[in-house]
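Raw work.txt, compact mmCIF, C-alpha atoms:
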# COMPACT_ATOMS: atom_id res chain seq x y z
CA MET P 157 -62.42 -14.46 24.07
CA THR P 158 -60.77 -16.23 26.95
CA ARG P 159 -59.64 -19.45 25.23
CA PHE P 160 -56.32 -19.48 23.38
CA ASP P 161 -54.36 -22.05 21.38
CA SER P 162 -51.15 -21.35 23.29
CA LEU P 163 -49.66 -19.03 25.87
CA LEU P 164 -48.25 -16.81 23.12
CA ASP P 165 -51.76 -16.24 21.80
CA ALA P 166 -52.85 -15.00 25.24
CA CYS P 167 -50.64 -11.91 25.05
CA GLY P 168 -52.37 -8.53 25.41
CA GLY P 169 -56.09 -7.89 25.79
CA THR P 170 -55.50 -6.71 29.34
CA PRO P 171 -58.21 -5.14 31.52
CA LEU P 172 -58.60 -1.40 32.09
CA VAL P 173 -59.89 -0.76 35.58
CA GLY P 174 -61.13 2.47 37.14
CA LEU P 175 -59.67 3.79 40.37
CA PRO P 176 -62.70 5.36 42.06
CA ARG P 177 -60.93 6.12 45.34
CA LEU P 178 -57.77 7.67 43.91
CA SER P 179 -59.60 9.70 41.25
CA PRO P 180 -59.70 13.37 42.28
CA ALA P 181 -63.30 14.09 41.15
CA PRO P 182 -66.27 12.35 39.49
CA ASP P 183 -65.29 13.90 36.16
CA VAL P 184 -61.53 13.53 36.62
CA ARG P 185 -60.94 9.82 36.58
CA LEU P 186 -57.94 7.53 36.73
CA TRP P 187 -57.81 4.23 34.84
CA ALA P 188 -55.21 1.50 35.25
CA LYS P 189 -54.21 -0.73 32.32
CA LEU P 190 -53.23 -3.98 34.04
CA GLU P 191 -50.26 -5.18 32.02
CA ASP P 192 -49.30 -7.63 34.76
CA ARG P 193 -52.08 -9.76 33.24
CA ASN P 194 -49.81 -10.84 30.40
CA PRO P 195 -48.27 -14.33 30.01
CA THR P 196 -45.10 -13.63 32.02
CA GLY P 197 -46.63 -10.87 34.11
CA SER P 198 -45.46 -7.68 32.42
CA VAL P 199 -46.07 -5.25 29.57
CA LYS P 200 -42.85 -6.55 27.97
CA ASP P 201 -44.57 -9.67 26.64
CA ARG P 202 -46.05 -7.52 23.90
CA ALA P 203 -42.69 -6.18 22.75
CA ALA P 204 -40.90 -9.53 23.07
CA LEU P 205 -43.48 -11.32 20.95
CA TYR P 206 -43.49 -8.62 18.28
CA MET P 207 -39.70 -8.39 18.09
CA VAL P 208 -39.29 -12.17 17.75
CA ARG P 209 -42.04 -12.42 15.13
CA ALA P 210 -40.58 -9.53 13.14
CA ALA P 211 -37.13 -11.18 13.14
CA GLU P 212 -38.65 -14.51 12.10
CA GLU P 213 -40.58 -12.90 9.28
CA ALA P 214 -37.47 -11.01 8.13
CA GLY P 215 -35.56 -14.31 8.11
CA THR P 216 -32.89 -13.02 10.50
CA LEU P 217 -33.99 -15.42 13.27
CA ARG P 218 -34.06 -19.13 12.48
CA PRO P 219 -34.79 -22.20 14.65
CA GLY P 220 -31.94 -22.92 17.05
CA ASP P 221 -30.48 -19.41 16.85
CA THR P 222 -29.18 -17.52 19.86
CA ILE P 223 -30.93 -14.30 20.90
CA LEU P 224 -28.85 -11.71 22.75
CA GLU P 225 -30.44 -8.84 24.67
CA PRO P 226 -29.41 -6.20 27.22
CA THR P 227 -32.16 -6.39 29.83
CA SER P 228 -32.38 -6.08 33.56
CA GLY P 229 -35.67 -7.86 33.91
CA ASN P 230 -39.05 -7.94 32.30
CA THR P 231 -37.97 -8.01 28.66
CA GLY P 232 -35.54 -10.80 29.47
CA ILE P 233 -38.25 -12.84 31.17
CA ALA P 234 -40.67 -12.24 28.32
CA LEU P 235 -38.04 -13.15 25.72
CA ALA P 236 -37.03 -16.23 27.74
CA MET P 237 -40.60 -17.52 27.58
CA VAL P 238 -40.97 -16.78 23.86
CA ALA P 239 -37.52 -18.28 23.16
CA LYS P 240 -38.41 -21.43 25.13
CA LEU P 241 -41.66 -21.95 23.25
CA ARG P 242 -40.22 -21.17 19.81
CA GLY P 243 -36.90 -22.95 20.13
CA TYR P 244 -34.20 -20.32 20.62
CA ARG P 245 -31.34 -19.92 23.05
CA LEU P 246 -31.32 -16.64 25.02
CA VAL P 247 -28.36 -14.74 26.45
CA CYS P 248 -29.23 -11.71 28.64
CA VAL P 249 -26.78 -9.00 29.63
CA MET P 250 -28.00 -7.48 32.88
CA PRO P 251 -26.60 -5.18 35.59
CA GLU P 252 -25.63 -7.13 38.72
CA ASN P 253 -27.78 -4.89 40.95
CA THR P 254 -31.11 -6.32 39.81
CA SER P 255 -33.42 -8.39 42.00
CA VAL P 256 -32.75 -12.07 42.70
CA GLU P 257 -36.25 -13.04 41.58
CA ARG P 258 -35.53 -11.90 38.02
CA ARG P 259 -32.34 -13.96 37.88
CA GLN P 260 -34.13 -17.03 39.24
CA ILE P 261 -36.98 -16.76 36.74
CA LEU P 262 -34.57 -16.27 33.81
CA THR P 263 -32.50 -19.25 34.93
CA MET P 264 -35.62 -21.43 35.26
CA TYR P 265 -36.57 -20.55 31.69
CA GLY P 266 -33.12 -21.67 30.61
CA ALA P 267 -31.70 -18.25 29.75
CA GLU P 268 -28.02 -17.51 30.26
CA ILE P 269 -27.10 -14.36 32.18
CA ILE P 270 -24.00 -12.24 31.65
CA SER P 271 -23.62 -9.65 34.44
CA SER P 272 -22.54 -6.09 33.81
CA PRO P 273 -21.15 -3.91 36.64
CA ALA P 274 -23.75 -2.28 38.90
CA ALA P 275 -22.03 1.08 38.69
CA GLY P 276 -22.50 1.21 34.92
CA GLY P 277 -26.28 0.70 35.12
CA SER P 278 -28.26 -0.15 32.04
CA ASN P 279 -25.99 2.03 29.91
CA GLN P 280 -23.14 -0.39 30.42
CA ALA P 281 -25.39 -3.42 29.84
CA VAL P 282 -26.31 -1.90 26.49
CA ALA P 283 -22.64 -1.25 25.67
CA MET P 284 -21.59 -4.79 26.69
CA ALA P 285 -24.37 -6.33 24.62
CA LYS P 286 -23.25 -4.32 21.59
CA ASP P 287 -19.68 -5.59 22.08
CA LEU P 288 -20.89 -9.19 22.42
CA ALA P 289 -22.96 -8.84 19.28
CA ALA P 290 -19.84 -7.74 17.40
CA GLU P 291 -17.90 -10.75 18.75
CA HIS P 292 -20.69 -13.19 17.85
CA PRO P 293 -22.04 -12.20 14.46
CA ASP P 294 -24.26 -15.31 14.41
CA TRP P 295 -26.15 -14.18 17.52
CA VAL P 296 -29.30 -12.14 16.97
CA MET P 297 -29.68 -9.02 19.05
CA LEU P 298 -33.29 -7.83 18.96
CA PHE P 299 -32.27 -4.64 20.78
CA GLN P 300 -35.46 -3.37 22.40
CA TYR P 301 -34.13 0.19 22.65
CA GLY P 302 -33.97 0.59 18.89
CA ASN P 303 -36.30 -2.09 17.49
CA GLU P 304 -39.30 -0.56 15.74
CA ALA P 305 -41.30 -3.75 16.47
CA ASN P 306 -41.16 -2.82 20.17
CA ALA P 307 -43.04 0.43 19.58
CA ARG P 308 -45.19 -1.18 16.87
CA ALA P 309 -46.46 -3.78 19.37
CA HIS P 310 -48.01 -0.90 21.29
CA TYR P 311 -49.20 0.94 18.19
CA GLU P 312 -51.03 -2.19 17.03
CA THR P 313 -52.24 -3.61 20.36
CA THR P 314 -52.00 -1.43 23.50
CA GLY P 315 -53.20 1.74 21.76
CA PRO P 316 -56.26 0.21 20.07
CA GLU P 317 -57.23 -1.67 23.25
CA LEU P 318 -57.06 1.54 25.24
CA LEU P 319 -59.09 3.61 22.79
CA ARG P 320 -61.70 0.85 22.48
CA ASP P 321 -62.12 0.68 26.26
CA LEU P 322 -61.84 4.42 26.94
CA PRO P 323 -62.94 6.39 23.85
CA ASP P 324 -62.84 9.67 25.78
CA VAL P 325 -59.27 9.25 27.05
CA THR P 326 -57.57 12.62 27.61
CA HIS P 327 -54.21 11.57 29.06
CA PHE P 328 -51.98 8.54 28.63
CA VAL P 329 -49.24 8.04 31.22
CA ALA P 330 -46.55 5.36 31.16
CA GLY P 331 -43.01 4.67 32.30
CA LEU P 332 -40.11 5.75 30.13
CA GLY P 333 -37.37 3.17 29.59
CA THR P 334 -36.91 1.84 26.08
CA THR P 335 -39.68 4.35 25.33
CA GLY P 336 -41.53 1.68 23.29
CA THR P 337 -44.79 1.78 25.27
CA LEU P 338 -45.02 5.58 25.11
CA MET P 339 -43.92 5.90 21.49
CA GLY P 340 -46.27 3.20 20.16
CA THR P 341 -49.34 3.86 22.28
CA GLY P 342 -48.76 7.61 22.19
CA ARG P 343 -48.52 7.71 18.39
CA TYR P 344 -51.64 5.63 17.98
CA LEU P 345 -53.70 7.74 20.36
CA ARG P 346 -52.46 10.98 18.79
CA ASP P 347 -53.32 9.71 15.30
CA LYS P 348 -56.88 9.05 16.47
CA LYS P 349 -57.25 11.88 18.98
CA PRO P 350 -54.79 14.71 18.29
CA ASP P 351 -55.56 16.45 21.61
CA VAL P 352 -54.62 13.52 23.81
CA GLN P 353 -51.76 14.24 26.21
CA VAL P 354 -48.93 11.72 26.33
CA VAL P 355 -47.08 11.87 29.63
CA ALA P 356 -43.84 10.10 30.51
CA ALA P 357 -42.77 9.11 34.02
CA GLU P 358 -39.08 8.43 34.26
CA PRO P 359 -37.66 6.70 37.34
CA ARG P 360 -35.00 8.69 39.18
CA TYR P 361 -32.68 6.30 40.98
CA GLY P 362 -30.08 6.71 43.66
CA GLU P 363 -26.80 8.31 42.68
CA LEU P 364 -24.92 5.06 42.12
CA VAL P 365 -27.02 4.36 39.04
CA TYR P 366 -25.88 7.59 37.42
CA GLY P 367 -22.22 6.87 38.06
CA LEU P 368 -21.06 7.59 34.54
CA ARG P 369 -17.58 8.89 34.04
CA ASN P 370 -18.62 11.47 31.55
CA ILE P 371 -21.78 13.16 30.30
CA ASP P 372 -20.86 12.08 26.79
CA GLU P 373 -21.36 8.43 27.82
CA GLY P 374 -25.06 9.09 28.25
CA TYR P 375 -27.62 7.28 26.19
CA VAL P 376 -30.95 8.12 24.61
CA PRO P 377 -32.83 5.13 23.15
CA GLU P 378 -32.97 5.10 19.35
CA LEU P 379 -36.76 4.69 19.55
CA TYR P 380 -37.22 7.93 21.47
CA ASP P 381 -39.03 10.73 19.66
CA ALA P 382 -39.70 13.68 21.96
CA THR P 383 -42.43 15.02 19.67
CA VAL P 384 -44.72 12.16 20.73
CA LEU P 385 -44.67 13.35 24.35
CA THR P 386 -46.51 16.27 25.92
CA ARG P 387 -44.75 16.24 29.26
CA ARG P 388 -42.06 14.25 31.00
CA PHE P 389 -41.64 13.81 34.76
CA SER P 390 -38.75 12.47 36.78
CA VAL P 391 -40.00 10.56 39.82
CA GLY P 392 -37.74 9.75 42.76
CA THR P 393 -37.63 6.52 44.72
CA ARG P 394 -39.59 7.86 47.68
CA ASP P 395 -42.51 9.18 45.62
CA ALA P 396 -42.59 5.95 43.59
CA LEU P 397 -42.70 3.79 46.71
CA LEU P 398 -45.30 6.02 48.38
CA ARG P 399 -47.61 5.69 45.37
CA THR P 400 -46.96 1.95 44.99
CA ARG P 401 -48.13 1.45 48.58
CA GLN P 402 -51.04 3.84 48.13
CA LEU P 403 -52.22 1.95 45.05
CA MET P 404 -52.28 -1.25 47.08
CA GLU P 405 -53.87 0.24 50.20
CA VAL P 406 -56.51 2.33 48.49
CA GLU P 407 -57.33 0.44 45.30
CA GLY P 408 -56.06 -3.09 46.03
CA ILE P 409 -53.58 -3.24 43.14
CA PHE P 410 -50.26 -4.91 43.97
CA ALA P 411 -47.89 -3.37 41.43
CA GLY P 412 -44.14 -3.05 40.98
CA PRO P 413 -42.34 0.15 42.02
CA SER P 414 -42.20 1.57 38.49
CA THR P 415 -46.00 1.73 38.52
CA GLY P 416 -45.78 3.93 41.59
CA ALA P 417 -43.70 6.39 39.59
CA VAL P 418 -46.27 6.33 36.78
CA LEU P 419 -49.15 6.81 39.21
CA HIS P 420 -47.32 9.78 40.74
CA ALA P 421 -47.24 11.51 37.34
CA ALA P 422 -50.84 10.45 36.58
CA LEU P 423 -52.04 11.97 39.84
CA ALA P 424 -50.13 15.17 39.11
CA VAL P 425 -51.86 15.69 35.76
CA ALA P 426 -55.23 14.60 37.17
CA HIS P 427 -55.05 17.12 40.02
CA GLN P 428 -53.95 19.85 37.61
CA ALA P 429 -56.98 19.08 35.43
CA ARG P 430 -59.29 19.27 38.45
CA LYS P 431 -57.76 22.59 39.56
CA ALA P 432 -58.25 23.97 36.04
CA GLY P 433 -61.89 22.88 36.11
CA GLN P 434 -61.40 20.41 33.26
CA SER P 435 -62.80 16.91 33.03
CA ALA P 436 -60.26 14.19 32.34
CA ASN P 437 -59.83 10.47 31.79
CA VAL P 438 -56.24 9.64 32.72
CA ALA P 439 -55.16 6.15 31.66
CA PHE P 440 -51.88 4.79 32.98
CA VAL P 441 -49.90 1.59 32.59
CA VAL P 442 -49.35 -0.88 35.41
CA ALA P 443 -46.22 -2.41 33.88
CA ASP P 444 -45.97 -5.37 36.26
CA GLY P 445 -46.96 -6.76 39.64
CA GLY P 446 -44.93 -6.46 42.82
CA TRP P 447 -43.96 -10.12 43.12
CA LYS P 448 -40.50 -9.87 41.57
CA TYR P 449 -39.51 -7.03 43.92
CA LEU P 450 -40.34 -8.55 47.31
CA SER P 451 -36.67 -9.24 48.03
CA THR P 452 -35.73 -5.61 47.36
CA GLY P 453 -37.40 -4.41 50.56
CA ALA P 454 -39.84 -2.17 48.68
CA TYR P 455 -42.82 -3.59 50.54
CA SER P 456 -41.55 -3.95 54.10
CA GLY P 457 -40.90 -1.54 56.93
CA THR P 458 -41.46 2.19 56.81
CA LEU P 459 -41.26 4.24 53.64
CA ALA P 460 -37.87 5.59 54.72
CA GLU P 461 -36.56 2.06 55.33
CA ALA P 462 -37.81 0.88 51.94
CA GLU P 463 -36.26 3.90 50.27
CA SER P 464 -32.89 3.19 51.81
CA GLN P 465 -33.16 -0.50 50.81
CA LEU P 466 -33.69 0.51 47.19
CA GLU P 467 -30.74 2.91 47.07
CA GLY P 468 -28.48 1.71 44.29
CA GLN P 469 -31.03 -0.75 42.89
CA LEU P 470 -32.73 -0.56 39.53
CA TRP P 471 -36.29 -0.64 40.76
CA ALA P 472 -38.03 0.07 37.47
CA MET S 148 -34.45 34.41 46.78
CA ALA S 149 -32.98 31.04 46.06
CA ILE S 150 -33.42 28.09 43.78
CA GLU S 151 -31.95 24.76 44.84
CA VAL S 152 -29.99 23.00 42.12
CA ARG S 153 -29.12 19.32 42.53
CA ILE S 154 -25.84 18.39 40.87
CA PRO S 155 -25.11 14.85 39.61
CA THR S 156 -21.97 13.06 40.78
CA ILE S 157 -20.17 13.51 37.48
CA LEU S 158 -20.48 17.31 37.58
CA ARG S 159 -19.49 17.86 41.21
CA SER S 160 -15.95 18.68 40.22
CA TYR S 161 -17.42 22.08 39.32
CA THR S 162 -19.11 22.55 42.71
CA SER S 163 -16.23 21.48 44.99
CA GLY S 164 -18.07 18.23 45.57
CA ALA S 165 -21.35 19.86 46.66
CA LYS S 166 -24.44 17.74 45.97
CA SER S 167 -26.59 20.81 45.66
CA VAL S 168 -25.97 24.51 45.21
CA GLU S 169 -28.16 27.60 45.24
CA GLY S 170 -28.68 30.10 42.52
CA SER S 171 -31.09 32.69 41.24
CA GLY S 172 -32.72 33.76 38.00
CA GLY S 173 -36.11 34.23 36.41
CA SER S 174 -35.43 31.56 33.81
CA LEU S 175 -33.29 28.44 33.54
CA SER S 176 -30.96 30.31 31.21
CA GLU S 177 -30.45 33.09 33.80
CA LEU S 178 -29.96 30.55 36.57
CA LEU S 179 -27.21 28.75 34.66
CA LYS S 180 -25.42 32.02 33.97
CA ASP S 181 -25.67 32.92 37.66
CA LEU S 182 -24.26 29.51 38.64
CA ASP S 183 -21.42 29.76 36.16
CA GLY S 184 -20.18 32.86 37.98
CA ARG S 185 -19.51 30.83 41.13
CA HIS S 186 -18.93 27.46 39.46
CA PRO S 187 -17.00 28.23 36.27
CA GLY S 188 -17.34 25.58 33.59
CA LEU S 189 -20.59 24.08 34.85
CA ARG S 190 -22.76 25.83 32.28
CA GLY S 191 -20.48 24.68 29.47
CA ARG S 192 -21.18 21.04 30.36
CA LEU S 193 -24.94 21.56 30.13
CA VAL S 194 -25.35 23.94 27.22
CA THR S 195 -23.89 23.40 23.75
CA GLU S 196 -22.07 26.03 21.72
CA GLU S 197 -25.26 26.41 19.68
CA GLY S 198 -27.06 27.43 22.86
CA GLY S 199 -29.25 24.34 23.39
CA LEU S 200 -29.24 21.75 26.12
CA HIS S 201 -26.64 19.00 25.69
CA ARG S 202 -28.23 15.88 24.22
CA PHE S 203 -27.23 13.64 27.13
CA VAL S 204 -28.24 16.06 29.88
CA ASN S 205 -31.71 16.21 31.37
CA VAL S 206 -32.80 19.16 33.50
CA TYR S 207 -35.95 19.06 35.60
CA VAL S 208 -37.74 21.91 37.34
CA ASN S 209 -39.86 20.55 40.18
CA ASP S 210 -39.43 17.08 38.64
CA GLU S 211 -40.65 18.11 35.17
CA ASP S 212 -38.33 17.86 32.13
CA VAL S 213 -37.65 21.39 30.87
CA ARG S 214 -37.53 20.24 27.24
CA PHE S 215 -41.34 20.21 27.43
CA THR S 216 -41.74 23.48 29.32
CA GLY S 217 -39.65 25.89 27.21
CA ALA S 218 -36.16 24.42 27.61
CA LEU S 219 -33.68 27.14 28.68
CA ASP S 220 -36.50 29.72 28.64
CA THR S 221 -38.40 27.80 31.32
CA THR S 222 -39.62 30.25 33.96
CA LEU S 223 -38.29 29.84 37.48
CA ASN S 224 -39.74 31.02 40.76
CA ASP S 225 -38.32 31.37 44.23
CA GLY S 226 -38.35 28.00 45.97
CA ASP S 227 -38.26 25.95 42.76
CA SER S 228 -36.09 22.87 42.75
CA VAL S 229 -33.87 22.14 39.76
CA THR S 230 -32.38 18.68 39.16
CA ILE S 231 -29.66 17.95 36.64
CA LEU S 232 -29.17 14.34 35.54
CA PRO S 233 -27.23 12.53 32.83
CA ALA S 234 -29.40 10.59 30.36
CA VAL S 235 -29.31 6.87 31.13
CA ALA S 236 -30.88 3.87 29.47
CA GLY S 237 -33.30 3.36 32.34
CA GLY S 238 -33.77 0.40 34.60
CA ALA S 239 -35.54 -2.93 34.31
CA ARG S 240 -36.04 -3.13 30.64
Represent the structure from my file as structure tokens, please.
Amino acid sequence: MTRFDSLLDACGGTPLVGLPRLSPAPDVRLWAKLEDRNPTGSVKDRAALYMVRAAEEAGTLRPGDTILEPTSGNTGIALAMVAKLRGYRLVCVMPENTSVERRQILTMYGAEIISSPAAGGSNQAVAMAKDLAAEHPDWVMLFQYGNEANARAHYETTGPELLRDLPDVTHFVAGLGTTGTLMGTGRYLRDKKPDVQVVAAEPRYGELVYGLRNIDEGYVPELYDATVLTRRFSVGTRDALLRTRQLMEVEGIFAGPSTGAVLHAALAVAHQARKAGQSANVAFVVADGGWKYLSTGAYSGTLAEAESQLEGQLWA
Amino acid sequence: MAIEVRIPTILRSYTSGAKSVEGSGGSLSELLKDLDGRHPGLRGRLVTEEGGLHRFVNVYVNDEDVRFTGALDTTLNDGDSVTILPAVAGGAR
């Protein structure tokens, strides 16, 4: 169906496209789930819609309420759209080292932005949002890192879509942030196909982003359950950018840098399967398009220049 | 015979500021013991008293999280690259 009553109803149902040129062999194939084809252009529309609906149904979110969320980008934009259409005010806490496009889009949607220090990364944005929530008990923090509706969105939509389109899926690869995509989709696929491998690709940023004072200030999202995953890769800026460019040059897909990190992990497992003489269908998530990252320098100059431009930025 | 170990900013007080150090060992556990000889205290920040990896520490061998490859028993080979990172909430979420 391609006709919908409203933009909110057009969430999900994204295409799964094969990557014939990047696939290592005829029986080891890569498939891209194009989540940039969502209402605000990212996979986060699914989580935002589910979290808002769950809060509405629970009666914790009522017309005119203020939603508070620590987010450095896509979730904020997705929530800003949902909030606009359903009549809520949105306050986002985001690290100051995030791209100008995200701030402009959030502002256009009418969201308010509270900046957290770059050096503290997302950890500090989370901590600041928790403090603000304590100061404003009437504000509603959906808290994507710990909200079961985030993972449930993927259990109920992304997972079933994927299995319907690729019944013989062997690997599912996605980026690890809130962990919602991997937990929800991974659980669904494992329930239906216990042998499926669930692979996480975690962005590894420049040193500035890890500038915590103490190991004990680290953070693991409440949603995270390591038993859902089979493997977990850390992908550096250079590999992520290399793959982002390769995806565009070879398969024509203009994706954001986090997708490059995911593709890097997907290619690793695909090549291992080919070496082992196994057939494989490796599905991975294209979380968003590259548009919001043009100002970061990710797409101009040499790879080394782009890498140095992204030093200290949250590119995924 | 050397394994490169990348040290995060917050743990460089144990390595005299060095961003990376070299060590040896057939497993991650052996490597950390070897490193602790030259960089006393480092191992204690990574491994708990119960003998597991600290909850907010991630260790990767050739970019793969060791929690999925045998944790401290993960096998190491000459030329492997080990990266230690604190757990963070991630980026654009």
Just need the residues of chain S within 9 Å of chain P, counting only C-alpha atoms, so spit them out as a JSON list (two decimals) with C-alpha atoms, keeping the file's coordinate frame.
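Final file, selection-v8.json:
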[["chain", "number", "residue", "atom", "x", "y", "z"],
["S", 155, "PRO", "CA", -25.11, 14.85, 39.61],
["S", 156, "THR", "CA", -21.97, 13.06, 40.78],
["S", 157, "ILE", "CA", -20.17, 13.51, 37.48],
["S", 158, "LEU", "CA", -20.48, 17.31, 37.58],
["S", 192, "ARG", "CA", -21.18, 21.04, 30.36],
["S", 193, "LEU", "CA", -24.94, 21.56, 30.13],
["S", 201, "HIS", "CA", -26.64, 19.00, 25.69],
["S", 202, "ARG", "CA", -28.23, 15.88, 24.22],
["S", 203, "PHE", "CA", -27.23, 13.64, 27.13],
["S", 204, "VAL", "CA", -28.24, 16.06, 29.88],
["S", 207, "TYR", "CA", -35.95, 19.06, 35.60],
["S", 209, "ASN", "CA", -39.86, 20.55, 40.18],
["S", 210, "ASP", "CA", -39.43, 17.08, 38.64],
["S", 211, "GLU", "CA", -40.65, 18.11, 35.17],
["S", 212, "ASP", "CA", -38.33, 17.86, 32.13],
["S", 213, "VAL", "CA", -37.65, 21.39, 30.87],
["S", 214, "ARG", "CA", -37.53, 20.24, 27.24],
["S", 215, "PHE", "CA", -41.34, 20.21, 27.43],
["S", 216, "THR", "CA", -41.74, 23.48, 29.32],
["S", 232, "LEU", "CA", -29.17, 14.34, 35.54],
["S", 233, "PRO", "CA", -27.23, 12.53, 32.83],
["S", 234, "ALA", "CA", -29.40, 10.59, 30.36],
["S", 235, "VAL", "CA", -29.31, 6.87, 31.13],
["S", 236, "ALA", "CA", -30.88, 3.87, 29.47],
["S", 237, "GLY", "CA", -33.30, 3.36, 32.34],
["S", 238, "GLY", "CA", -33.77, 0.40, 34.60],
["S", 239, "ALA", "CA", -35.54, -2.93, 34.31],
["S", 240, "ARG", "CA", -36.04, -3.13, 30.64]]
Find the nearest atom pair between each residue of region 189-231 of chain S and region 169-185 of chain S for residues within 9 Å, count all atoms listed in the file, give distances in Å to one decimal, sort rows by chain and ascending number, and present the table as a tab-separated table.
residue	atom	partner	partner_atom	distance
S:Leu189	CA	S:Asp183	CA	5.9
S:Arg190	CA	S:Asp183	CA	5.7
S:Gly191	CA	S:Asp183	CA	8.5
S:Leu193	CA	S:Leu179	CA	8.8
S:Val208	CA	S:Leu175	CA	8.8
S:Val213	CA	S:Leu175	CA	8.7
S:Ala218	CA	S:Leu175	CA	7.7
S:Leu219	CA	S:Ser176	CA	4.9
S:Asp220	CA	S:Ser174	CA	5.6
S:Thr221	CA	S:Ser174	CA	5.4
S:Thr222	CA	S:Ser174	CA	4.4
S:Leu223	CA	S:Ser174	CA	5.0
S:Asn224	CA	S:Gly173	CA	6.5
S:Asp225	CA	S:Ser171	CA	7.9
S:Val229	CA	S:Leu175	CA	8.9
Separation of CA of Val406 (chain P) from CA of Glu461 (chain P) in Å:
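So the two atoms, CA of Glu461 (chain P) and CA of Val406 (chain P), lie 21.1 Å apart.
Across the structure, CA of Lys349 (chain P) and CA of Arg320 (chain P) are spaced 12.4 Å apart.
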Straight-line distance linking CA of Gly243 (chain P) with CA of Asp201 (chain P), stated in Å to one decimal:
16.7 Å
List the neighbours of region 445-454 of chain P out to 7 Å using only C-alpha atoms; skip same-chain residues closer than 2 positions along the sequence, and give me the result as a list in words.
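Listed by chain and then number, they are Asp192, Gly197, Ser255, Glu257, Arg258, Leu397, Phe410, Ala411, Gly412, Ser456, Ala462, Gln465 and Leu466 of chain P.
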Residue contacts of Pro195 (chain P) (10 Å, only C-alpha atoms) excluding same-chain residues fewer than 5 positions away, as a PDB file with C-alpha atoms, in the coordinates of the input:
ATOM      1  CA  LEU P 163     -49.660 -19.030  25.870  1.00  0.00           C
ATOM      2  CA  LEU P 164     -48.250 -16.810  23.120  1.00  0.00           C
ATOM      3  CA  ASP P 165     -51.760 -16.240  21.800  1.00  0.00           C
ATOM      4  CA  ALA P 166     -52.850 -15.000  25.240  1.00  0.00           C
ATOM      5  CA  CYS P 167     -50.640 -11.910  25.050  1.00  0.00           C
ATOM      6  CA  GLY P 168     -52.370  -8.530  25.410  1.00  0.00           C
ATOM      7  CA  LYS P 200     -42.850  -6.550  27.970  1.00  0.00           C
ATOM      8  CA  ASP P 201     -44.570  -9.670  26.640  1.00  0.00           C
ATOM      9  CA  ARG P 202     -46.050  -7.520  23.900  1.00  0.00           C
ATOM     10  CA  ALA P 234     -40.670 -12.240  28.320  1.00  0.00           C
ATOM     11  CA  MET P 237     -40.600 -17.520  27.580  1.00  0.00           C
ATOM     12  CA  VAL P 238     -40.970 -16.780  23.860  1.00  0.00           C
TER      13      VAL P 238
END
Restricting the calculation to only C-alpha atoms, which member of P:Leu246, P:Met207, P:Val418, P:Ala188 is positioned closest to Gly220 (chain P)?
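Under the stated criterion, the closest residue is P:Leu246.
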